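> Supplied in structure tokens, the structure appears directly below.
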Amino acid sequence: INGSFVAAHGYSMATLEALSAQWRVVTKDVVYPGSLFSAALRVLRGRDSLYASAALRAFVEQSLPSGVTRFADLQLPLYVTAADLRSSKLYLFGEDGNAPIVEAVLASAAVPVIHPPVMFHGLQLVDGGVLANVAASYAIDRGADEVYVINVGRGEEQQPSAQGVIGIAMSAINTMTLQSLLRDLARARQDEAVDLHHIHIREFGDTPFSDFSKTEEMLAAGYQATLAYLQNPQAEREEPPFRQEAPALGAQAPGVRELVIPYP
């Protein structure tokens, strides 16, 4: 959503200020209208998600300038990924200028369980983060030699136990996306032609997805973390500092140990 906003309006301070202003006025009802009862009712009725996509679609549409409907209409290049549930493959929007922006952004933002999949020419698309949380590999394959990864999710630090159906579902998704992130980061570190900059914003990682009450604090935390990094940027060339060695069998729980699969 942020990427499409900047690509559509052009990269400038005015665009960034307009983007932050947009998020400051967003409330739960703008993106997730309805109550817990209505969400539960959707589950009982066999719907594909807790929330319908109409509100999110309207939000994405109103954030784009009039007449900007295709990737060819954007001022800056933009590439968006989405995962197809039918084929278990990752798909890419942005190489074909005729592709519709709103469908691509909705698919990329369709977090399973929370949002319904986007049907696109026979594909059942959800958030590309399910398979590639950052997709830095695609940027590298296109010749990028300097990559900035903004990680607002987990590292491998221990998390509190997930609670509730939604909490456990979201935790499972976060686990998958973290592993895809680590694989992409590992590939970038091993490529001597690529300077990888990994900015990890750890604050508010446990804030519920539907809580928009801390937007101002989130913007401030992101700004400060990025500013601190840019004052002394260091391209990463080794494994992340939070990567731990595999403990011995029974070190944490009797009869089991972590299986550490080497990154390719």
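By convention here, the chains of the structure tokens are called A, B, ... in the order presented, each chain's residues are numbered starting at 1, and ligands are numbered starting at 1 in the order presented.
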Would you pick out the contacts of Ala169 of chain A at 8 Å or less, using only C-alpha atoms, so that residues sharing its chain but fewer than 4 positions from it are not included, and give the list as number ranges by chain?

A: 113, 165, 173

> Using N, CA, C and O atoms, can you export the residues from the last selection as a PDB file, in the first residue's frame?


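As a result, result.pdb now contains:
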ATOM      1  N   VAL A 113      -6.852 -15.370   6.410  1.00  0.00           N
ATOM      2  CA  VAL A 113      -7.767 -15.382   7.548  1.00  0.00           C
ATOM      3  C   VAL A 113      -8.350 -13.982   7.771  1.00  0.00           C
ATOM      4  O   VAL A 113      -9.557 -13.834   7.979  1.00  0.00           O
ATOM      5  N   VAL A 165      -7.665 -18.034  18.704  1.00  0.00           N
ATOM      6  CA  VAL A 165      -7.628 -18.549  17.338  1.00  0.00           C
ATOM      7  C   VAL A 165      -6.911 -17.577  16.410  1.00  0.00           C
ATOM      8  O   VAL A 165      -6.024 -17.959  15.639  1.00  0.00           O
ATOM      9  N   ILE A 173       1.488 -17.432  10.642  1.00  0.00           N
ATOM     10  CA  ILE A 173       1.846 -16.692   9.428  1.00  0.00           C
ATOM     11  C   ILE A 173       3.153 -15.950   9.632  1.00  0.00           C
ATOM     12  O   ILE A 173       4.030 -15.933   8.754  1.00  0.00           O
TER      13      ILE A 173
END

> When you look at Ser161 of chain A with a cut-off of 12 Å (counting only C-alpha atoms), what residues show up, excluding the ones that are within fewer than 4 positions of it in the same chain? I need them as a list in words.

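Within the cut-off, the hits are Gly167, Ile168, Met170, Ser171, Ala172 and Asp206 of chain A.
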
> Would you save the residues of that selection, restricted to all heavy atoms, as a tab-separated table (two decimals), in the first residue's frame?


chain	number	residue	atom	x	y	z
A	167	GLY	N	-4.89	-15.07	17.23
A	167	GLY	CA	-3.51	-14.89	17.66
A	167	GLY	C	-2.61	-16.01	17.19
A	167	GLY	O	-1.49	-15.78	16.73
A	168	ILE	N	-3.11	-17.25	17.28
A	168	ILE	CA	-2.32	-18.40	16.84
A	168	ILE	C	-2.17	-18.40	15.33
A	168	ILE	O	-1.10	-18.69	14.79
A	168	ILE	CB	-2.96	-19.70	17.35
A	168	ILE	CG1	-2.81	-19.80	18.88
A	168	ILE	CG2	-2.33	-20.91	16.67
A	168	ILE	CD1	-3.53	-20.96	19.50
A	170	MET	N	-2.20	-15.79	13.31
A	170	MET	CA	-1.27	-14.73	12.93
A	170	MET	C	0.16	-15.10	13.29
A	170	MET	O	1.10	-14.79	12.56
A	170	MET	CB	-1.67	-13.42	13.62
A	170	MET	CG	-3.01	-12.86	13.16
A	170	MET	SD	-3.10	-12.60	11.37
A	170	MET	CE	-1.82	-11.37	11.14
A	171	SER	N	0.34	-15.77	14.43
A	171	SER	CA	1.68	-16.20	14.83
A	171	SER	C	2.23	-17.22	13.85
A	171	SER	O	3.43	-17.21	13.52
A	171	SER	CB	1.64	-16.79	16.24
A	171	SER	OG	2.93	-17.14	16.68
A	172	ALA	N	1.38	-18.12	13.36
A	172	ALA	CA	1.82	-19.11	12.37
A	172	ALA	C	2.25	-18.43	11.08
A	172	ALA	O	3.27	-18.79	10.48
A	172	ALA	CB	0.70	-20.11	12.09
A	206	ASP	N	3.98	-6.42	18.77
A	206	ASP	CA	2.89	-7.20	19.36
A	206	ASP	C	1.56	-6.46	19.33
A	206	ASP	O	0.58	-6.90	19.93
A	206	ASP	CB	3.24	-7.57	20.81
A	206	ASP	CG	3.52	-6.35	21.67
A	206	ASP	OD1	3.64	-5.23	21.12
A	206	ASP	OD2	3.65	-6.51	22.91

> Closest to Leu106 of chain A among A:Ser213, A:Ser66, A:Thr175, A:Ser4, using only C-alpha atoms?

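Among the listed residues, A:Ser4 lies closest to Leu106 of chain A.
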
> I need the residue nearest Lys89 of chain A from this list: A:Leu36, A:Leu64, A:Val130, A:Val102. Use only C-alpha atoms for the distance.

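Closest residue, counting only C-alpha atoms: A:Val130.
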
> I'd like to know which of A:Ala162, A:Leu230, A:Leu125, A:Ile114 is closest to Phe209 of chain A, using only C-alpha atoms.

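Among the listed residues, A:Ile114 lies closest to Phe209 of chain A.
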
> Show which residues sit within 12 Å of Ala21 of chain A, as a list in words. Count only C-alpha atoms, and ignore same-chain residues fewer than 5 positions away.

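The residues that qualify are Ala14, Thr15, Leu16, Val26, Ser63, Thr215, Glu216 and Leu219 of chain A.
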
> Which residues come within 9 Å of Ala52 of chain A, counting only C-alpha atoms, excluding same-chain residues fewer than 2 positions away, as a list in words?

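Once the nearby chain positions are removed, what remains is Tyr32, Pro33, Arg42, Arg47, Asp48, Ser49, Leu50, Ala54, Ala55, Leu56, Ile114, His115 and Pro116 of chain A.
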
> Pull all heavy atoms from the residues just selected and write them as a short mmCIF file (atom, residue, chain, number, x, y, z; two decimals), in the first residue's frame.


data_model
loop_
_atom_site.label_atom_id
_atom_site.label_comp_id
_atom_site.auth_asym_id
_atom_site.auth_seq_id
_atom_site.Cartn_x
_atom_site.Cartn_y
_atom_site.Cartn_z
N TYR A 32 -11.24 -2.35 8.69
CA TYR A 32 -11.88 -3.55 9.24
C TYR A 32 -13.24 -3.18 9.82
O TYR A 32 -13.43 -3.19 11.04
CB TYR A 32 -11.01 -4.16 10.34
CG TYR A 32 -9.59 -4.44 9.92
CD1 TYR A 32 -8.53 -3.69 10.42
CD2 TYR A 32 -9.30 -5.45 9.01
CE1 TYR A 32 -7.23 -3.94 10.05
CE2 TYR A 32 -8.00 -5.72 8.63
CZ TYR A 32 -6.97 -4.96 9.15
OH TYR A 32 -5.67 -5.20 8.77
N PRO A 33 -14.20 -2.82 8.98
CA PRO A 33 -15.51 -2.43 9.51
C PRO A 33 -16.25 -3.62 10.11
O PRO A 33 -16.06 -4.77 9.70
CB PRO A 33 -16.23 -1.91 8.26
CG PRO A 33 -15.59 -2.64 7.13
CD PRO A 33 -14.14 -2.81 7.52
N ARG A 42 -19.28 -14.31 9.97
CA ARG A 42 -18.68 -14.65 8.68
C ARG A 42 -18.04 -16.03 8.73
O ARG A 42 -18.13 -16.81 7.76
CB ARG A 42 -17.64 -13.60 8.28
CG ARG A 42 -18.23 -12.27 7.82
CD ARG A 42 -17.13 -11.28 7.48
NE ARG A 42 -16.25 -11.76 6.42
CZ ARG A 42 -16.50 -11.67 5.12
NH1 ARG A 42 -17.61 -11.10 4.71
NH2 ARG A 42 -15.64 -12.14 4.23
N ARG A 47 -17.47 -17.95 5.21
CA ARG A 47 -16.79 -16.95 4.39
C ARG A 47 -15.29 -17.21 4.39
O ARG A 47 -14.75 -17.94 5.21
CB ARG A 47 -17.08 -15.55 4.91
CG ARG A 47 -18.54 -15.15 4.90
CD ARG A 47 -19.06 -15.01 3.47
NE ARG A 47 -20.38 -14.42 3.43
CZ ARG A 47 -21.51 -15.08 3.34
NH1 ARG A 47 -21.47 -16.42 3.26
NH2 ARG A 47 -22.68 -14.47 3.31
N ASP A 48 -14.58 -16.56 3.48
CA ASP A 48 -13.15 -16.81 3.30
C ASP A 48 -12.26 -16.03 4.25
O ASP A 48 -11.04 -16.22 4.25
CB ASP A 48 -12.73 -16.47 1.86
CG ASP A 48 -13.37 -17.41 0.84
OD1 ASP A 48 -13.72 -18.54 1.23
OD2 ASP A 48 -13.51 -17.00 -0.32
N SER A 49 -12.85 -15.15 5.05
CA SER A 49 -12.04 -14.29 5.93
C SER A 49 -12.91 -13.68 7.00
O SER A 49 -14.14 -13.72 6.93
CB SER A 49 -11.38 -13.18 5.10
OG SER A 49 -12.38 -12.36 4.52
N LEU A 50 -12.24 -13.09 7.99
CA LEU A 50 -12.96 -12.42 9.06
C LEU A 50 -13.59 -11.12 8.58
O LEU A 50 -14.63 -10.69 9.10
CB LEU A 50 -12.01 -12.12 10.22
CG LEU A 50 -11.42 -13.33 10.95
CD1 LEU A 50 -10.42 -12.88 12.01
CD2 LEU A 50 -12.53 -14.17 11.58
N ALA A 54 -14.18 -5.00 0.74
CA ALA A 54 -14.70 -3.77 0.13
C ALA A 54 -14.08 -2.53 0.76
O ALA A 54 -13.72 -1.57 0.05
CB ALA A 54 -16.23 -3.73 0.26
N ALA A 55 -13.95 -2.51 2.08
CA ALA A 55 -13.42 -1.32 2.75
C ALA A 55 -11.94 -1.11 2.41
O ALA A 55 -11.51 0.01 2.15
CB ALA A 55 -13.60 -1.44 4.27
N LEU A 56 -11.17 -2.19 2.38
CA LEU A 56 -9.75 -2.08 2.04
C LEU A 56 -9.59 -1.66 0.58
O LEU A 56 -8.72 -0.85 0.25
CB LEU A 56 -9.04 -3.41 2.29
CG LEU A 56 -7.53 -3.42 2.05
CD1 LEU A 56 -6.83 -2.41 2.94
CD2 LEU A 56 -6.95 -4.81 2.27
N ILE A 114 -7.52 -12.94 7.71
CA ILE A 114 -8.00 -11.58 7.95
C ILE A 114 -8.74 -11.05 6.73
O ILE A 114 -9.85 -10.53 6.83
CB ILE A 114 -6.84 -10.64 8.31
CG1 ILE A 114 -6.03 -11.23 9.48
CG2 ILE A 114 -7.37 -9.26 8.67
CD1 ILE A 114 -6.84 -11.50 10.72
N HIS A 115 -8.11 -11.16 5.55
CA HIS A 115 -8.70 -10.67 4.31
C HIS A 115 -8.97 -11.85 3.37
O HIS A 115 -8.23 -12.83 3.38
CB HIS A 115 -7.74 -9.71 3.60
CG HIS A 115 -7.35 -8.53 4.42
ND1 HIS A 115 -8.22 -7.52 4.74
CD2 HIS A 115 -6.17 -8.18 4.97
CE1 HIS A 115 -7.60 -6.61 5.46
NE2 HIS A 115 -6.35 -6.99 5.62
N PRO A 116 -9.97 -11.73 2.51
CA PRO A 116 -10.23 -12.81 1.54
C PRO A 116 -9.21 -12.80 0.42
O PRO A 116 -8.65 -11.73 0.08
CB PRO A 116 -11.62 -12.46 1.01
CG PRO A 116 -11.72 -10.97 1.14
CD PRO A 116 -10.96 -10.63 2.40
#

> Measuring between only C-alpha atoms, which one of A:Val31, A:Val149, A:Ala132, A:Met218 shows the shortest distance to Leu178 of chain A?

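Using only C-alpha atoms, the shortest distance to Leu178 of chain A belongs to A:Ala132.
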
> Identify, on the basis of only C-alpha atoms, every residue whose closest approach to Val147 of chain A does not exceed 7 Å; exclude the query and any residue fewer than 4 positions from it along the same chain; express the result as a PyMOL selection string.

chain A and resi 195-197

> Mind writing the picked residues with all heavy atoms as an mmCIF file, in the first residue's frame?


data_model
loop_
_atom_site.group_PDB
_atom_site.id
_atom_site.type_symbol
_atom_site.label_atom_id
_atom_site.label_comp_id
_atom_site.auth_asym_id
_atom_site.auth_seq_id
_atom_site.Cartn_x
_atom_site.Cartn_y
_atom_site.Cartn_z
ATOM 1 N N ASP A 195 25.146 -4.748 -1.635
ATOM 2 C CA ASP A 195 25.211 -4.137 -0.312
ATOM 3 C C ASP A 195 23.819 -4.213 0.312
ATOM 4 O O ASP A 195 22.869 -3.588 -0.174
ATOM 5 C CB ASP A 195 25.652 -2.672 -0.402
ATOM 6 C CG ASP A 195 27.137 -2.550 -0.688
ATOM 7 O OD1 ASP A 195 27.877 -3.519 -0.432
ATOM 8 O OD2 ASP A 195 27.557 -1.493 -1.186
ATOM 9 N N LEU A 196 23.696 -5.011 1.367
ATOM 10 C CA LEU A 196 22.404 -5.215 2.029
ATOM 11 C C LEU A 196 22.317 -4.350 3.277
ATOM 12 O O LEU A 196 23.177 -4.403 4.147
ATOM 13 C CB LEU A 196 22.232 -6.683 2.413
ATOM 14 C CG LEU A 196 21.008 -6.985 3.278
ATOM 15 C CD1 LEU A 196 19.729 -6.835 2.450
ATOM 16 C CD2 LEU A 196 21.093 -8.384 3.864
ATOM 17 N N HIS A 197 21.242 -3.571 3.378
ATOM 18 C CA HIS A 197 20.976 -2.755 4.549
ATOM 19 C C HIS A 197 19.667 -3.245 5.173
ATOM 20 O O HIS A 197 18.602 -3.145 4.564
ATOM 21 C CB HIS A 197 20.855 -1.283 4.167
ATOM 22 C CG HIS A 197 22.070 -0.749 3.474
ATOM 23 N ND1 HIS A 197 23.176 -0.274 4.158
ATOM 24 C CD2 HIS A 197 22.365 -0.623 2.150
ATOM 25 C CE1 HIS A 197 24.089 0.125 3.293
ATOM 26 N NE2 HIS A 197 23.625 -0.078 2.072
#

> Near Tyr138 of chain A, counting only C-alpha atoms, which residues have an atom at most 12 Å away, once you skip same-chain residues fewer than 2 positions from it, shown as a list in words?

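The contact residues come out as Tyr79, Val80, Thr81, Leu90, Tyr91, Leu92, Phe93, Gly94, Glu95, Ala132, Asn133, Val134, Ala135, Ala136, Ile140, Asp141, Arg142, Gly143, Ala144, Asp145, Val147, Asp184, Leu185, Arg187 and Ala188 of chain A.
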
> Ranking A:Ser137, A:Gln179, A:Asn174, A:Asn2 by minimum distance to Gly205 of chain A and counting only C-alpha atoms, which one comes first?

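Among the listed residues, A:Asn174 lies closest to Gly205 of chain A.
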
> Taking only C-alpha atoms into account, which of A:Pro65, A:Gly34, A:Gly222, A:Gly3 comes nearest Ala109 of chain A?

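Comparing A:Pro65, A:Gly34, A:Gly222, A:Gly3 against Ala109 of chain A, the winner is A:Gly3.
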
> Can you list, as number ranges by chain, every residue of segment 14-240 of chain A that DSSP puts in strand (DSSP E or B)?

A: 70, 80-84, 89-93, 100, 118-120, 123-127, 146-151, 195-200, 236

> Using only C-alpha atoms, determine which residues lie at most 12 Å from Ser35 of chain A, disregarding the query and same-chain residues fewer than 4 positions distant; provide the list as a PyMOL selection string.

chain A and resi 28-29+39-42+50-51+210

> Only N, CA, C and O atoms, please: the residues just picked out, written as a compact mmCIF listing (two decimals), in the first residue's frame.


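The file below, selection09.txt, is the result:
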# COMPACT_ATOMS: atom_id res chain seq x y z
N LYS A 28 -9.89 1.70 12.68
CA LYS A 28 -10.25 0.30 12.44
C LYS A 28 -11.41 0.20 11.45
O LYS A 28 -11.41 -0.65 10.56
N ASP A 29 -12.40 1.07 11.59
CA ASP A 29 -13.58 0.97 10.75
C ASP A 29 -13.29 1.29 9.29
O ASP A 29 -14.06 0.91 8.41
N ALA A 39 -17.69 -10.57 12.53
CA ALA A 39 -16.56 -11.39 12.08
C ALA A 39 -16.83 -12.86 12.37
O ALA A 39 -16.58 -13.74 11.54
N ALA A 40 -17.34 -13.13 13.59
CA ALA A 40 -17.66 -14.52 13.95
C ALA A 40 -18.77 -15.07 13.06
O ALA A 40 -18.75 -16.25 12.67
N LEU A 41 -19.72 -14.22 12.72
CA LEU A 41 -20.81 -14.65 11.84
C LEU A 41 -20.29 -15.03 10.46
O LEU A 41 -20.78 -15.99 9.84
N ARG A 42 -19.28 -14.31 9.97
CA ARG A 42 -18.68 -14.65 8.68
C ARG A 42 -18.04 -16.03 8.73
O ARG A 42 -18.13 -16.81 7.76
N LEU A 50 -12.24 -13.09 7.99
CA LEU A 50 -12.96 -12.42 9.06
C LEU A 50 -13.59 -11.12 8.58
O LEU A 50 -14.63 -10.69 9.10
N TYR A 51 -12.96 -10.48 7.60
CA TYR A 51 -13.46 -9.20 7.10
C TYR A 51 -13.59 -9.25 5.59
O TYR A 51 -12.79 -9.90 4.90
N SER A 210 -5.53 -4.79 14.05
CA SER A 210 -6.65 -3.87 13.88
C SER A 210 -6.56 -2.65 14.79
O SER A 210 -7.48 -1.83 14.84

> One decimal, in Å: what's the spacing between atom CA of His198 of chain A and atom CA of Glu236 of chain A?

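Value for the atom CA of His198 of chain A-atom CA of Glu236 of chain A distance: 7.5 Å.
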
> In Å, with one decimal, what is the gap from atom CA of His121 of chain A to atom CA of Ser180 of chain A?

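Atom-to-atom, atom CA of His121 of chain A to atom CA of Ser180 of chain A, that is 26.2 Å.
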